[in-house]
Amino acid sequence: MRIGILNSGGDCPGLNAVIYGVVGAANKLGWEVVGFRDGFEGLLPPGDYTILDPDKISEILKLGGTILGTTNKGHFAAKVGEGNVMQVPEEIIEKAKTTLKLLEIRALVIVGGDGSLTTGMQLMKAGIPVVGVPKTIDNDLAATAMTFGFDSAVSTVVDALDRLHTTADSHKRVMVVEVMGRNAGWIALWGGMAGGAHVILIPEIPFTFEPIKKAIEAREAKGLHSTMVVVAEGAKLPDSGLVTKEKSTSSEHRLGGVGEAVAAKIAEMTGKETRSCTLGHLQRGGSPTSLDRMLGTRFGVKAVKLIEDGKFGHMVSYQSYHVDSVPIEEAVEKPRLVEPDSEVVQTARAVGICFGDR
Ligand code: F6P
């Protein structure tokens, strides 16, 4: 028996741990694993793949990125922007089927975010047995309490805040740190809280500048002359909304630049020297944390179990410290966003963090 695996969408720490888990568990069952290169593109005839030898993948657990390569564009895009679902052309799906048939692959493990899993559902409907593994640093997939990659991204943010805090202190500055997360504020919220930010701005809580000014001035009055502000790339400016770079080829807007805009306005309103720092792809690179290594390995092993049990069209999910599964359709229905009244947000408010809304 042969199964296939591919990563699709943006990379994130922990992808190799999933490959490690899948290959290890499949090997125990006597199955061979074919790894497709560069996401779904590897399925196009004649197929771009490698046979994953269990003895050769034992060292990949700790590696960032993915040994298979990935892409967030190409022939199989099924989701662009917020909620825009497109149909992958039939002839492309047929080509993928031909490759899988020729290689005698009985099931495909798709490791991806909502876009890739939406593509996965379309392949499934066309007769390809798939199982999904949720991946994204953004942590914005419904039906799983956590995606792997998120914890590593948060730990990079915390490390950066620790460093930026000392220089902000030395210069008595406001430091604005822009973090990733697309339209969800998870990285900003968790990274900001764990990194001791004083102000956190996220897409789910509309903000204005007056409360931020007050928070900075209140700190000044107490003799605290530096302030750390974390802003999610998807946070909307009060007057002009989302800040984007040029439109990408897939017609999805690339987010970025809100940190600079927030810093300029804070400087203007408070008269304080203010700097901004965008963490960008640092959050996607590097070795996975121990949590992401564990999640990745457990998700990979569970994906093989789903195939063994014939639970196609299901995605591995993480709930209450337990790895289980849900129908992929449920997982991609809508994004998982930060609830403005959730316990974590209330906790942040309780320790004096300002969200710019009051
Ligand atoms: O979805 C993961 C993510 O890192 C987002 O947080 C970010 O907006 C986007 O991907 C960046 O994509 P790219 O690597 O194409 O610039």
# chains A, B, ... in the order shown; residues from 1 in each chain; ligands from 1
>>> residues_near_ligand(ligand="ligand 1", cutoff="9 Å", atoms="only C-alpha atoms and all ligand atoms", output="CSV table (one decimal) with N, CA and C atoms, in the first residue's frame")
chain,number,residue,atom,x,y,z
A,9,GLY,N,0.4,25.9,0.8
A,9,GLY,CA,0.3,27.2,1.5
A,9,GLY,C,1.6,27.6,2.1
A,10,GLY,N,1.6,28.7,2.9
A,10,GLY,CA,2.8,29.2,3.5
A,10,GLY,C,3.4,28.1,4.4
A,11,ASP,N,4.7,28.1,4.5
A,11,ASP,CA,5.4,27.1,5.4
A,11,ASP,C,5.2,27.5,6.8
A,12,CYS,N,5.5,26.6,7.7
A,12,CYS,CA,5.5,27.0,9.2
A,12,CYS,C,6.3,25.9,9.9
A,71,THR,N,4.0,25.9,-1.8
A,71,THR,CA,3.7,27.1,-2.5
A,71,THR,C,2.3,27.6,-2.1
A,72,ASN,N,2.1,28.9,-2.1
A,72,ASN,CA,0.7,29.4,-1.8
A,72,ASN,C,0.1,29.9,-3.1
A,73,LYS,N,0.7,29.5,-4.2
A,73,LYS,CA,0.0,29.9,-5.5
A,73,LYS,C,0.1,28.7,-6.4
A,113,GLY,N,-3.6,25.0,5.4
A,113,GLY,CA,-4.5,25.9,6.0
A,113,GLY,C,-5.9,25.8,5.3
A,136,THR,N,-1.0,26.3,10.2
A,136,THR,CA,-0.8,27.7,9.9
A,136,THR,C,-0.3,28.4,11.2
A,137,ILE,N,0.6,29.3,11.0
A,137,ILE,CA,1.0,30.1,12.2
A,137,ILE,C,-0.1,31.0,12.7
A,138,ASP,N,-1.1,31.2,11.8
A,138,ASP,CA,-2.2,32.2,12.1
A,138,ASP,C,-3.2,31.6,13.2
A,139,ASN,N,-3.2,30.3,13.3
A,139,ASN,CA,-4.1,29.6,14.3
A,139,ASN,C,-5.6,30.0,14.0
A,140,ASP,N,-6.0,30.2,12.7
A,140,ASP,CA,-7.3,30.7,12.4
A,140,ASP,C,-8.2,29.6,11.8
A,179,VAL,N,3.0,42.2,13.8
A,179,VAL,CA,3.1,40.8,13.7
A,179,VAL,C,2.1,40.2,12.7
A,180,MET,N,2.4,39.0,12.2
A,180,MET,CA,1.5,38.4,11.2
A,180,MET,C,0.2,37.9,11.8
A,181,GLY,N,-0.6,37.1,11.0
A,181,GLY,CA,-1.8,36.5,11.5
A,181,GLY,C,-3.0,36.7,10.6
A,182,ARG,N,-2.7,37.3,9.4
A,182,ARG,CA,-3.8,37.6,8.4
A,182,ARG,C,-5.0,38.3,9.1
A,183,ASN,N,-6.2,37.8,9.0
A,183,ASN,CA,-7.3,38.5,9.6
A,183,ASN,C,-7.7,38.1,11.0
A,184,ALA,N,-6.8,37.4,11.6
A,184,ALA,CA,-7.0,36.9,13.0
A,184,ALA,C,-5.9,37.5,13.9
A,187,ILE,N,-1.8,35.7,17.0
A,187,ILE,CA,-0.4,35.8,17.2
A,187,ILE,C,-0.1,37.1,18.1
A,233,GLU,N,-1.1,42.5,11.8
A,233,GLU,CA,-1.0,43.0,10.4
A,233,GLU,C,-2.4,43.3,9.9
A,234,GLY,N,-3.4,42.5,10.4
A,234,GLY,CA,-4.8,42.7,9.9
A,234,GLY,C,-5.7,43.7,10.7
A,248,SER,N,-1.3,40.4,-4.5
A,248,SER,CA,-0.4,39.3,-5.0
A,248,SER,C,-1.1,38.8,-6.3
A,253,HIS,N,-4.9,40.1,-1.2
A,253,HIS,CA,-4.1,41.3,-0.7
A,253,HIS,C,-3.0,40.8,0.2
A,254,ARG,N,-1.8,41.3,0.0
A,254,ARG,CA,-0.8,41.0,1.0
A,254,ARG,C,-0.9,42.1,2.1
A,255,LEU,N,-1.0,41.7,3.3
A,255,LEU,CA,-1.1,42.6,4.4
A,255,LEU,C,0.3,43.1,4.8
A,256,GLY,N,0.3,44.3,5.4
A,256,GLY,CA,1.6,44.8,5.9
A,256,GLY,C,1.7,46.3,5.8
A,280,GLY,N,7.6,40.1,10.4
A,280,GLY,CA,7.5,39.5,9.1
A,280,GLY,C,7.8,38.0,9.1
A,281,HIS,N,8.6,37.5,8.1
A,281,HIS,CA,8.8,36.1,8.0
A,281,HIS,C,9.7,35.4,9.0
A,283,GLN,N,8.7,35.1,11.8
A,283,GLN,CA,7.7,34.3,12.5
A,283,GLN,C,7.5,33.0,11.9
A,284,ARG,N,7.8,32.8,10.7
A,284,ARG,CA,7.6,31.5,10.0
A,284,ARG,C,8.8,30.6,9.9
>>> select_by_dssp(residues="stretch 268-358 of chain A", states="alpha helix (DSSP H)", output="ChimeraX atom specification")
/A:268-270,290-308,328-332,343-350
>>> atom_distance(atom1="atom CA of A:Met315", atom2="atom CA of A:Arg37")
21.0 Å
>>> closest_residue(among="A:Ala153, A:Ala303, A:Val323, A:Ala348", to="A:Ile200", atoms="only C-alpha atoms")
A:Ala348
>>> residues_around(residues="A:Val18", least_positions_apart="6", cutoff="6 Å", atoms="only C-alpha atoms", output="number ranges by chain")
A: 296-297, 300
>>> residues_around(residues="A:Ile205", least_positions_apart="5", cutoff="8 Å", atoms="only C-alpha atoms", output="list of chain:residue names")
A:Pro340, A:Phe355, A:Asp357
